[in-house]
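*Asks:* A single structure is presented below for examination.
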Amino acid sequence: MGKPTGFMEFGREPAHVRPPLERVKDWAETHPGYEEKTLREQGARCMDCGTPYCHTGALVNGLAMGCPIHNLIPEWNDLVYRGQWREALIRLQKTNNFPEFTGRVCPAPCEGSCTLGINQPAVTIKTIENEIIERGFLEGWVVPEPPLARTGMKVAVVGSGPAGLSAAAQLNKAGHEVTVYERDDRIGGLLVYGIPNMKLDKSVVERRVKLLEAEGIHFVTGTAVGRDVEAEQLIKDFDAVVLATGSTIPRDLNVEGRELTGVHYAMDFLVANTKALLGQSATHLSAAGKNVIVIGGGDTGTDCVGTAIRQGAKSVVQLEILPKPPDTRAGDNPWPQWPKVYKLDYGQEEAAALWGADPRRYLLNTKRLIGEAGAVTTIETVEIEWIHTPGGRPEMRECPGTEKSLPADLVLIAMGFVGPEPALPTAFGCKLDHRGNIVHDDDFMTTTPGVFSAGDCSRGQSLVVWAINEGRLAARAVDRYLMFGESVLPDY
Amino acid sequence: MSYGSISREAHEALAIAMNRLGAKSNTGEGGEDPARFETLPNGDSLKSAIKQVASGRFGVTSEYLVSAREIQIKMAQGAKPGEGGQLPGHKVYPWIAKVRHSTPGVGLISPPPHHDIYSIEDLAELIHDLKNANPDARISVKLVSEVGVGTIAAGVAKAHADVILISGHDGGTGASPLSSIKHAGLPWELGIAETNQVLLMNDLRSRVVVEVDGQMKTGRDVVIGALLGAEEFGFSTAPLVTLGCVMMRACHLNTCPVGIATQDPELRKRFNGDPQSVVNFMTYVAQEAREYMAQLGFRTFEEMVGHSERLEMRRAVDHWKAHNLDFSRILFQPQLPKTTLRTCQIGQEHKLEMSLDSTTLIPLCEPALARGERVEAELPIRNVNRVVGTTLGSAVTRRYGGAGLPEDTISLRFRGTAGQSFGAFIPKGVTLTLEGDANDYLGKGLSGGKIVLFPPRESTFVAEDNVITGNVAFYGATSGEAYIRGIAGERFCVRNSGVNAVVEGVGDHGCEYMTGGRVVVIGKTGRNFAAGMSGGVAYVLDESGEGGAAGGGFERVCNKEMVQLFPLSDPEEVAEIRRLLERHVEYTASPRAKALLDEWHTTVSRFIRVVPNDYRRVMEAQARMREKGLSQDEAEMAAFDENVLDARRVAGN
Ligand SMILES: Cc1cc2nc3c(=O)[nH]c(=O)nc-3n(C[C@H](O)[C@H](O)[C@H](O)COP(=O)(O)OP(=O)(O)OC[C@H]3O[C@@H](n4cnc5c(N)ncnc54)[C@H](O)[C@@H]3O)c2cc1C
Ligand code: SF4
Ligand code: SF4
């Protein structure tokens, strides 16, 4: 806060995005850049709080409050205000291995708990983060930084999502020789096959993977551990193993008609689309000309909406089981908690631009799927209400007589993920908890000595930024494990 | 936390909450708008029960004191002991200036010491003065927790304080200098333990209430405080947090984003605190304290006070710094006779009923008090008669409010030698004339009244060559008039913010830290005149022609750090000075003033105007704004805005 009164002089200038009707015509990212002057003003809005809630990174009621990787937000905001981009980049890279990912896809819990957000729109932290790293790439400041010395220790990382990648990056920094195994044909986990291209351009992931490669990390794609390489082999060949296989089993929809064709998991749809895009061919699973129903009101659902629109869907409806959130914070959701308020995300905004309304329908449950000749044609929904009993969990109750039918040619199930595939952890002898997640202790070690876990496979479905956080912390734990209790890596 | 360091909204919310709870909020240094003394239609009150009296004496008027349930003498601030306070000019908004009786946009300095306290006897005098100014209020003395505070507290108890507050080092807002936040003062636990032990061993504990503050946050803090010997507790940061404070540490920048530590009108609109949150918080604190009491087996709070043997040091703390700690002296229980009382049960003997005011003046002035009739009388006075007129004055204010009575409604003439603090805090409508001489602290805190002093008619010495009153006259005076035929001691009119005074010579440090009013000196001045002066105007007769100030004239003795010297030329001002001198002659028959008036033309050219730089700039700006057609209020705001941006501003930056 080079400028103590910045927050009084400048308003929030939200991320610049291309207009919906223009951007649905292609698969490119939705946000062009900012002008330097605007960015510096936005940086000046930061108040350099005595107690900066933006980087607390705590979990409150299961939701992130503040940046989980404790980015040095006030510091780089100030540096951006002063135009010292390179220093800002140095500060940013201290805590975040992949700012170009979080700067694009992070839901920004930092902004939810920004002090300015108490009574004004929060500081545009996420946009500034992205601009710093993109500036760094543009200026050629982001270069491979291989470690100066090697320890002679070898570590295997299984899974190349953000957790695996950040663990690999940190371990490599500490001088260990890291090999990353990925069963898919590309490195990146959900960053490539999950999050759609318009949110995170796949060339951005590739750019980072190239850097990591240049720093000395080995990447092995198309190799599923447990199938192509045995678990014992890894334990034998490496001094430590980090499991970062993500939470990949989707939650299913158990209703009549589930077996009909045209009913798919969201991930199958999204992955097929991205693969087609990267292979420049058409997808085998297209929404073109279809009435699309997306079941699930979360981010995955939104990605399905945006993808279906770009493929040329006839209509898109998104079903949400919860009530519509309030426009401003409810009394039981005060700052600095994650704001549970109504937001129009990119996919919904596009649907609204095309068809005049937010595609989400709230408080709707799926009763059954009806088909003709084995293919789905209709979805029957029913309204529900939530019964709150003091002390107890809210209970769902159907409202009789509210059944309705909607045309449905493609039904996408985006109801979240229940946990990691158990085969691999079992092969390593790791214990799973009652939810099926891999159990690890405070030092990220599973019940098998020398085998660690990080990311969604042990914390359950979460966010890219949490995955990075866990990857970093696990790397430090591994480093200490290998280096007699000492680590050169930071504890954040 | 004064109004000035925090916004009106926050200050009032705290007051409402404390009044709802039956607790007491504190004005902090810096006065209180009399409009807040009225109860609101919904039964809430914005009045602060505790009125603070700090070294700056800002806004300490008779009305202010009379409206108090407790008057607190701030000897030092926990977070910055030994340091004065300051309110930078950009925070002295017009509404702040109003309650502080100062000039908007001009920085305010609270001097480090109270100029009327140089010894424990002086403190006893101030306690007595304030008790006279409001006999119904408790007088409390705020000390900072430090080594030896117990001894000081014993002295304060002997000086008849009703309450002793031990303030821990971690209180105060983020506006305190960082060096002080980090390094000054001690934790309250140490101070309170020592204080309680010393008071008990001297059998003084039964006479005073002991209060503690400094980052109290929980019922546990309260219980520990009680076990170490406190019976009352002060909270500051925690209630502010319940009102929305986010520990921003921008308190000194005026950019508090939640409208608490700011005066900026836009930011103040963002204040969103609810007094009920404070009420809830304090209720929880009390509840928690009760739960601890129940666990300890105490039925009443009093039972618990001072039972430090019920505290135990936690031995399992595994930190290298904790290894060598020994709490036995903190938890020490002195051996006492069974009769020693452990809480305040006796109270102090202030002996107010023996004062001249109680025995004579108030009965005498009953017609004026009851019906506003004129009362005139002549009485003898002796130097054992201290604070004469003050309780009478408080009775006037109680009935007639801040406006007082018409001029000279009560006119008392005394003959003899007055004791200390003659005429302290007297309000408008009271005129005290003294033929004789006066001790120190003449007209302290003068609050609209008039004081006239001249030597006995039969005396043979030359009045203007002899000292007629002691040091620190009119300290912290806010309004009124004074005519003194003779020389005053040191620190004449220190921290004056509104009195018009005529005097025939002053000692060293005249007009120090003055922020308002007019002082006319028609004789010699001592060294260091006008040091730290940021408002008001002094008119000094240059005696260089007569070899004054060892020939170098007034310029040599004047401290020009914050003031500039000008000739007297403005016709309005000339007329004003003339009028003051004429009154001086009328009241005191001063031959010197008469001679000056006789040669008025040369007299005018001999006067030097001493004007503080910032004050002059703001006044000129206001005048300019008024010429543009702005009302006085608008002109003040416009001049304030202009001045805030002015880099030349020197005072209290
Ligand atoms: C559609 C979608 C959109 C999302 N959008 C966002 C968003 O906008 N913002 C956000 O913050 N979060 C988002 N998330 C969540 C986020 O992507 C995940 O929380 C994050 O990627 C988890 O990282 P990870 O490294 O733990 O696991 P993953 O990213 O899931 O990576 C696990 C990797 O392990 C590989 N693997 C699994 N088993 C094996 C094996 N046996 N051998 C070799 N490799 C194996 C998998 O192929 C995969 O590549 C989204 C999730 C989805 C599904
Ligand atoms: S990583 Fe996410 S939470 Fe952290 S600063 Fe960036 S946008 Fe905010
Ligand atoms: S909470 Fe917001 S305003 Fe405060 S330091 Fe963080 S980004 Fe800046």
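Each chain in the structure tokens gets a letter, A, B, ..., in the order shown, and its residues are numbered from 1; ligands are numbered from 1 in order too.
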Identify all residues of region 278-311 of chain A in strand (DSSP E) (DSSP on the backbone) and supply them as a list in words.
*Replies:*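 Filtering region 278-311 of chain A down to strand (DSSP E) leaves Asn291, Val292, Ile293, Val294 and Ile295 of chain A.
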*Asks:* Take the residues that were just selected and, keeping N, CA, C and O atoms, output them as a PDB file, in the first residue's frame.
*Replies:*
ATOM      1  N   ASN A 291     -30.736 -31.310 -26.364  1.00  0.00           N
ATOM      2  CA  ASN A 291     -31.207 -30.732 -25.105  1.00  0.00           C
ATOM      3  C   ASN A 291     -30.367 -31.349 -23.994  1.00  0.00           C
ATOM      4  O   ASN A 291     -30.437 -32.547 -23.759  1.00  0.00           O
ATOM      5  N   VAL A 292     -29.576 -30.504 -23.353  1.00  0.00           N
ATOM      6  CA  VAL A 292     -28.611 -31.020 -22.377  1.00  0.00           C
ATOM      7  C   VAL A 292     -29.096 -30.747 -20.959  1.00  0.00           C
ATOM      8  O   VAL A 292     -29.553 -29.637 -20.652  1.00  0.00           O
ATOM      9  N   ILE A 293     -29.028 -31.762 -20.144  1.00  0.00           N
ATOM     10  CA  ILE A 293     -29.329 -31.594 -18.717  1.00  0.00           C
ATOM     11  C   ILE A 293     -28.035 -31.857 -17.952  1.00  0.00           C
ATOM     12  O   ILE A 293     -27.393 -32.894 -18.122  1.00  0.00           O
ATOM     13  N   VAL A 294     -27.631 -30.912 -17.120  1.00  0.00           N
ATOM     14  CA  VAL A 294     -26.461 -31.106 -16.272  1.00  0.00           C
ATOM     15  C   VAL A 294     -26.965 -31.283 -14.846  1.00  0.00           C
ATOM     16  O   VAL A 294     -27.657 -30.403 -14.322  1.00  0.00           O
ATOM     17  N   ILE A 295     -26.646 -32.392 -14.252  1.00  0.00           N
ATOM     18  CA  ILE A 295     -27.111 -32.621 -12.881  1.00  0.00           C
ATOM     19  C   ILE A 295     -25.966 -32.285 -11.930  1.00  0.00           C
ATOM     20  O   ILE A 295     -24.927 -32.936 -11.930  1.00  0.00           O
TER      21      ILE A 295
END
*Asks:* Using only C-alpha atoms, find which residues of chain B lie within 10 Å of chain A and jot them down as a PDB file with N, CA, C and O atoms, in the first residue's frame.
*Replies:*
ATOM      1  N   GLY B 174      -3.316   1.056  17.996  1.00  0.00           N
ATOM      2  CA  GLY B 174      -2.184   0.898  17.092  1.00  0.00           C
ATOM      3  C   GLY B 174      -1.544   2.215  16.736  1.00  0.00           C
ATOM      4  O   GLY B 174      -0.568   2.253  16.000  1.00  0.00           O
ATOM      5  N   GLY B 244     -16.203  -4.153  15.153  1.00  0.00           N
ATOM      6  CA  GLY B 244     -15.736  -4.228  13.769  1.00  0.00           C
ATOM      7  C   GLY B 244     -14.259  -3.978  13.560  1.00  0.00           C
ATOM      8  O   GLY B 244     -13.771  -4.073  12.434  1.00  0.00           O
ATOM      9  N   VAL B 246     -10.606  -4.508  12.845  1.00  0.00           N
ATOM     10  CA  VAL B 246      -9.947  -5.654  12.225  1.00  0.00           C
ATOM     11  C   VAL B 246      -8.447  -5.615  12.439  1.00  0.00           C
ATOM     12  O   VAL B 246      -7.684  -6.179  11.672  1.00  0.00           O
ATOM     13  N   MET B 247      -8.018  -4.918  13.478  1.00  0.00           N
ATOM     14  CA  MET B 247      -6.596  -4.836  13.829  1.00  0.00           C
ATOM     15  C   MET B 247      -5.771  -4.433  12.604  1.00  0.00           C
ATOM     16  O   MET B 247      -4.782  -5.046  12.259  1.00  0.00           O
ATOM     17  N   MET B 248      -6.220  -3.383  12.013  1.00  0.00           N
ATOM     18  CA  MET B 248      -5.654  -2.942  10.756  1.00  0.00           C
ATOM     19  C   MET B 248      -4.315  -2.264  10.945  1.00  0.00           C
ATOM     20  O   MET B 248      -3.520  -2.174  10.037  1.00  0.00           O
ATOM     21  N   ARG B 249      -4.093  -1.731  12.141  1.00  0.00           N
ATOM     22  CA  ARG B 249      -2.899  -0.940  12.415  1.00  0.00           C
ATOM     23  C   ARG B 249      -2.800   0.268  11.494  1.00  0.00           C
ATOM     24  O   ARG B 249      -1.715   0.633  11.068  1.00  0.00           O
ATOM     25  N   ALA B 250      -3.918   0.817  11.152  1.00  0.00           N
ATOM     26  CA  ALA B 250      -3.907   2.041  10.346  1.00  0.00           C
ATOM     27  C   ALA B 250      -4.402   3.191  11.205  1.00  0.00           C
ATOM     28  O   ALA B 250      -4.761   4.235  10.700  1.00  0.00           O
ATOM     29  N   LEU B 253      -3.137   6.521  10.539  1.00  0.00           N
ATOM     30  CA  LEU B 253      -3.165   7.001   9.154  1.00  0.00           C
ATOM     31  C   LEU B 253      -4.483   7.671   8.787  1.00  0.00           C
ATOM     32  O   LEU B 253      -4.619   8.232   7.714  1.00  0.00           O
ATOM     33  N   ASN B 254      -5.466   7.557   9.673  1.00  0.00           N
ATOM     34  CA  ASN B 254      -6.782   8.102   9.402  1.00  0.00           C
ATOM     35  C   ASN B 254      -7.468   7.345   8.276  1.00  0.00           C
ATOM     36  O   ASN B 254      -8.388   7.857   7.657  1.00  0.00           O
ATOM     37  N   THR B 255      -7.016   6.135   7.964  1.00  0.00           N
ATOM     38  CA  THR B 255      -7.625   5.391   6.863  1.00  0.00           C
ATOM     39  C   THR B 255      -8.253   4.106   7.352  1.00  0.00           C
ATOM     40  O   THR B 255      -8.336   3.134   6.621  1.00  0.00           O
ATOM     41  N   CYS B 256      -8.672   4.080   8.603  1.00  0.00           N
ATOM     42  CA  CYS B 256      -9.301   2.868   9.125  1.00  0.00           C
ATOM     43  C   CYS B 256     -10.496   2.497   8.249  1.00  0.00           C
ATOM     44  O   CYS B 256     -11.439   3.272   8.123  1.00  0.00           O
ATOM     45  N   PRO B 257     -10.480   1.330   7.625  1.00  0.00           N
ATOM     46  CA  PRO B 257     -11.516   1.011   6.643  1.00  0.00           C
ATOM     47  C   PRO B 257     -12.864   0.656   7.260  1.00  0.00           C
ATOM     48  O   PRO B 257     -13.839   0.551   6.535  1.00  0.00           O
ATOM     49  N   VAL B 258     -12.902   0.463   8.568  1.00  0.00           N
ATOM     50  CA  VAL B 258     -14.173   0.117   9.182  1.00  0.00           C
ATOM     51  C   VAL B 258     -14.722   1.279  10.013  1.00  0.00           C
ATOM     52  O   VAL B 258     -15.624   1.109  10.817  1.00  0.00           O
ATOM     53  N   GLU B 266     -16.154   9.997   4.995  1.00  0.00           N
ATOM     54  CA  GLU B 266     -16.528   8.879   4.133  1.00  0.00           C
ATOM     55  C   GLU B 266     -16.305   7.537   4.828  1.00  0.00           C
ATOM     56  O   GLU B 266     -17.121   6.633   4.761  1.00  0.00           O
ATOM     57  N   LEU B 267     -15.153   7.424   5.478  1.00  0.00           N
ATOM     58  CA  LEU B 267     -14.845   6.152   6.148  1.00  0.00           C
ATOM     59  C   LEU B 267     -15.749   5.947   7.360  1.00  0.00           C
ATOM     60  O   LEU B 267     -16.096   4.815   7.687  1.00  0.00           O
ATOM     61  N   ARG B 270     -18.733   3.957   6.966  1.00  0.00           N
ATOM     62  CA  ARG B 270     -18.596   2.501   6.868  1.00  0.00           C
ATOM     63  C   ARG B 270     -18.652   1.833   8.236  1.00  0.00           C
ATOM     64  O   ARG B 270     -18.590   0.610   8.329  1.00  0.00           O
ATOM     65  N   PHE B 271     -18.733   2.612   9.269  1.00  0.00           N
ATOM     66  CA  PHE B 271     -18.835   2.000  10.602  1.00  0.00           C
ATOM     67  C   PHE B 271     -20.131   1.222  10.683  1.00  0.00           C
ATOM     68  O   PHE B 271     -21.195   1.715  10.334  1.00  0.00           O
ATOM     69  N   ASN B 272     -20.041   0.006  11.131  1.00  0.00           N
ATOM     70  CA  ASN B 272     -21.203  -0.867  11.116  1.00  0.00           C
ATOM     71  C   ASN B 272     -21.363  -1.582  12.458  1.00  0.00           C
ATOM     72  O   ASN B 272     -21.923  -2.664  12.540  1.00  0.00           O
TER      73      ASN B 272
END
*Asks:* Using the chain letters and numbers from this document, which residues of region 386-489 of chain B does DSSP assign to helix (DSSP H, G or I), as a VMD selection string?
*Replies:* chain B and resid 390 to 403 463 to 465
*Asks:* Could you write out that same residue set with C-alpha atoms as a short mmCIF file (atom, residue, chain, number, x, y, z; two decimals), in the first residue's frame?
*Replies:*
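Contents of the output file part_9.cif:
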data_model
loop_
_atom_site.label_atom_id
_atom_site.label_comp_id
_atom_site.auth_asym_id
_atom_site.auth_seq_id
_atom_site.Cartn_x
_atom_site.Cartn_y
_atom_site.Cartn_z
CA THR B 390 -14.75 25.50 42.76
CA THR B 391 -17.55 23.64 44.49
CA LEU B 392 -19.68 26.76 44.27
CA GLY B 393 -18.90 26.79 40.57
CA SER B 394 -19.87 23.16 40.19
CA ALA B 395 -23.19 23.93 41.89
CA VAL B 396 -23.79 26.69 39.34
CA THR B 397 -22.97 24.37 36.45
CA ARG B 398 -25.13 21.60 37.81
CA ARG B 399 -28.12 23.94 37.78
CA TYR B 400 -27.43 26.17 34.84
CA GLY B 401 -25.40 23.93 32.56
CA GLY B 402 -22.50 24.95 30.40
CA ALA B 403 -23.93 28.42 29.76
CA ALA B 463 3.00 45.86 41.89
CA GLU B 464 4.40 45.36 38.42
CA ASP B 465 7.85 44.50 39.82
#
*Asks:* Do you know which residues are at most 10 Å from Gly136 (chain A) counting only C-alpha atoms, after dropping those on the same chain fewer than 6 positions away, and could you put them as a PDB file with all heavy atoms, in the first residue's frame?
*Replies:*
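Ended up saving to part_2.pdb:
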ATOM      1  N   TRP A  85       7.609  -5.032 -10.992  1.00  0.00           N
ATOM      2  CA  TRP A  85       7.037  -6.321 -11.368  1.00  0.00           C
ATOM      3  C   TRP A  85       7.971  -7.474 -11.070  1.00  0.00           C
ATOM      4  O   TRP A  85       7.540  -8.547 -10.687  1.00  0.00           O
ATOM      5  CB  TRP A  85       6.673  -6.305 -12.852  1.00  0.00           C
ATOM      6  CG  TRP A  85       5.517  -5.411 -13.124  1.00  0.00           C
ATOM      7  CD1 TRP A  85       5.556  -4.092 -13.454  1.00  0.00           C
ATOM      8  CD2 TRP A  85       4.140  -5.761 -13.044  1.00  0.00           C
ATOM      9  NE1 TRP A  85       4.290  -3.590 -13.598  1.00  0.00           N
ATOM     10  CE2 TRP A  85       3.391  -4.602 -13.350  1.00  0.00           C
ATOM     11  CE3 TRP A  85       3.452  -6.936 -12.735  1.00  0.00           C
ATOM     12  CZ2 TRP A  85       2.012  -4.581 -13.369  1.00  0.00           C
ATOM     13  CZ3 TRP A  85       2.072  -6.919 -12.764  1.00  0.00           C
ATOM     14  CH2 TRP A  85       1.357  -5.738 -13.077  1.00  0.00           C
ATOM     15  N   ARG A  86       9.238  -7.261 -11.298  1.00  0.00           N
ATOM     16  CA  ARG A  86      10.147  -8.386 -11.118  1.00  0.00           C
ATOM     17  C   ARG A  86      10.223  -8.777  -9.639  1.00  0.00           C
ATOM     18  O   ARG A  86      10.211  -9.964  -9.298  1.00  0.00           O
ATOM     19  CB  ARG A  86      11.535  -8.017 -11.631  1.00  0.00           C
ATOM     20  CG  ARG A  86      12.427  -9.211 -11.594  1.00  0.00           C
ATOM     21  CD  ARG A  86      13.524  -9.159 -12.602  1.00  0.00           C
ATOM     22  NE  ARG A  86      14.057 -10.500 -12.786  1.00  0.00           N
ATOM     23  CZ  ARG A  86      14.999 -10.802 -13.632  1.00  0.00           C
ATOM     24  NH1 ARG A  86      15.498  -9.868 -14.413  1.00  0.00           N
ATOM     25  NH2 ARG A  86      15.431 -12.029 -13.718  1.00  0.00           N
ATOM     26  N   ALA A  88       7.885  -8.288  -7.533  1.00  0.00           N
ATOM     27  CA  ALA A  88       6.598  -8.905  -7.233  1.00  0.00           C
ATOM     28  C   ALA A  88       6.631 -10.382  -7.613  1.00  0.00           C
ATOM     29  O   ALA A  88       6.164 -11.243  -6.865  1.00  0.00           O
ATOM     30  CB  ALA A  88       5.483  -8.182  -7.982  1.00  0.00           C
ATOM     31  N   LEU A  89       7.223 -10.667  -8.770  1.00  0.00           N
ATOM     32  CA  LEU A  89       7.303 -12.048  -9.236  1.00  0.00           C
ATOM     33  C   LEU A  89       8.109 -12.906  -8.258  1.00  0.00           C
ATOM     34  O   LEU A  89       7.727 -14.028  -7.924  1.00  0.00           O
ATOM     35  CB  LEU A  89       7.939 -12.090 -10.626  1.00  0.00           C
ATOM     36  CG  LEU A  89       8.094 -13.489 -11.224  1.00  0.00           C
ATOM     37  CD1 LEU A  89       6.736 -14.075 -11.568  1.00  0.00           C
ATOM     38  CD2 LEU A  89       8.988 -13.459 -12.451  1.00  0.00           C
ATOM     39  N   ILE A  90       9.210 -12.340  -7.788  1.00  0.00           N
ATOM     40  CA  ILE A  90      10.051 -13.085  -6.845  1.00  0.00           C
ATOM     41  C   ILE A  90       9.259 -13.425  -5.581  1.00  0.00           C
ATOM     42  O   ILE A  90       9.292 -14.551  -5.086  1.00  0.00           O
ATOM     43  CB  ILE A  90      11.320 -12.275  -6.501  1.00  0.00           C
ATOM     44  CG1 ILE A  90      12.196 -12.155  -7.756  1.00  0.00           C
ATOM     45  CG2 ILE A  90      12.102 -12.927  -5.365  1.00  0.00           C
ATOM     46  CD1 ILE A  90      13.356 -11.188  -7.621  1.00  0.00           C
ATOM     47  N   ASN A 130      -2.253 -13.365 -11.541  1.00  0.00           N
ATOM     48  CA  ASN A 130      -2.080 -13.845 -12.901  1.00  0.00           C
ATOM     49  C   ASN A 130      -1.234 -12.879 -13.730  1.00  0.00           C
ATOM     50  O   ASN A 130      -0.372 -13.284 -14.509  1.00  0.00           O
ATOM     51  CB  ASN A 130      -3.454 -14.041 -13.542  1.00  0.00           C
ATOM     52  CG  ASN A 130      -3.400 -14.983 -14.712  1.00  0.00           C
ATOM     53  OD1 ASN A 130      -2.644 -15.956 -14.679  1.00  0.00           O
ATOM     54  ND2 ASN A 130      -4.164 -14.704 -15.747  1.00  0.00           N
ATOM     55  N   VAL A 142      10.873 -15.847 -16.236  1.00  0.00           N
ATOM     56  CA  VAL A 142      10.603 -17.193 -15.721  1.00  0.00           C
ATOM     57  C   VAL A 142      11.460 -18.170 -16.519  1.00  0.00           C
ATOM     58  O   VAL A 142      11.188 -18.437 -17.686  1.00  0.00           O
ATOM     59  CB  VAL A 142       9.110 -17.546 -15.861  1.00  0.00           C
ATOM     60  CG1 VAL A 142       8.827 -18.870 -15.162  1.00  0.00           C
ATOM     61  CG2 VAL A 142       8.249 -16.447 -15.264  1.00  0.00           C
ATOM     62  N   VAL A 143      12.516 -18.644 -15.906  1.00  0.00           N
ATOM     63  CA  VAL A 143      13.438 -19.550 -16.592  1.00  0.00           C
ATOM     64  C   VAL A 143      13.639 -20.783 -15.713  1.00  0.00           C
ATOM     65  O   VAL A 143      13.409 -20.721 -14.507  1.00  0.00           O
ATOM     66  CB  VAL A 143      14.810 -18.862 -16.840  1.00  0.00           C
ATOM     67  CG1 VAL A 143      14.680 -17.781 -17.897  1.00  0.00           C
ATOM     68  CG2 VAL A 143      15.363 -18.290 -15.553  1.00  0.00           C
TER      69      VAL A 143
END
*Asks:* Set the distance at 8 Å and use only C-alpha atoms: which residues neighbour Val604 (chain B) once local chain neighbours fewer than 6 positions away are removed? I'd like the list as a list of chain:residue names.
*Replies:*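 Near Val604 (chain B), the qualifying residues are B:Leu568, B:Ser569, B:Val574.
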*Asks:* Those same residues - all heavy atoms - I'd like them written as a compact mmCIF listing (two decimals), in the first residue's frame.
*Replies:*
# COMPACT_ATOMS: atom_id res chain seq x y z
N LEU B 568 1.67 44.87 16.02
CA LEU B 568 0.22 44.97 16.21
C LEU B 568 -0.28 46.05 15.27
O LEU B 568 0.15 47.21 15.39
CB LEU B 568 -0.06 45.33 17.67
CG LEU B 568 -1.51 45.56 18.08
CD1 LEU B 568 -2.34 44.31 17.85
CD2 LEU B 568 -1.59 45.96 19.54
N SER B 569 -1.14 45.72 14.34
CA SER B 569 -1.55 46.74 13.38
C SER B 569 -3.03 46.67 13.06
O SER B 569 -3.69 47.70 12.91
CB SER B 569 -0.75 46.60 12.09
OG SER B 569 -0.87 45.28 11.60
N VAL B 574 -6.26 46.04 17.62
CA VAL B 574 -5.82 47.17 18.45
C VAL B 574 -6.94 47.55 19.41
O VAL B 574 -6.74 47.72 20.61
CB VAL B 574 -5.41 48.37 17.56
CG1 VAL B 574 -5.16 49.59 18.42
CG2 VAL B 574 -4.18 48.01 16.73
*Asks:* For Tyr34 (chain A), work out the shell of residues within 8 Å, counting only C-alpha atoms and skipping chain neighbours fewer than 3 positions away, then give it as a count of residues only.
*Replies:* 4
*Asks:* Pick out the closest residue to ligand 3 from this set: A:Ala224, A:Met198, A:Ala44, A:Leu63. Count only C-alpha atoms and all ligand atoms.
*Replies:*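 Using only C-alpha atoms and all ligand atoms, ligand 3 sits closest to A:Ala44.
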*Asks:* Please provide as JSON, numbers by chain all residues within 6 Å of region 66-77 of chain A, with the sequence filter that same-chain residues fewer than 6 positions apart are discarded (counting only C-alpha atoms).
*Replies:* {"A": [43, 48, 54, 55, 56, 57, 88, 95, 109, 110, 113, 469]}
*Asks:* Just the number, please: distance in Å from CA of Tyr284 (chain B) to CA of Pro41 (chain B), one decimal.
*Replies:*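 Computing it gives 27.6 Å between the two atoms.
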*Asks:* So which residues touch Thr339 (chain B) within 10 Å, counting only C-alpha atoms, skipping near sequence neighbours fewer than 3 positions away, as a ChimeraX atom specification?
*Replies:* /B:203,336,342
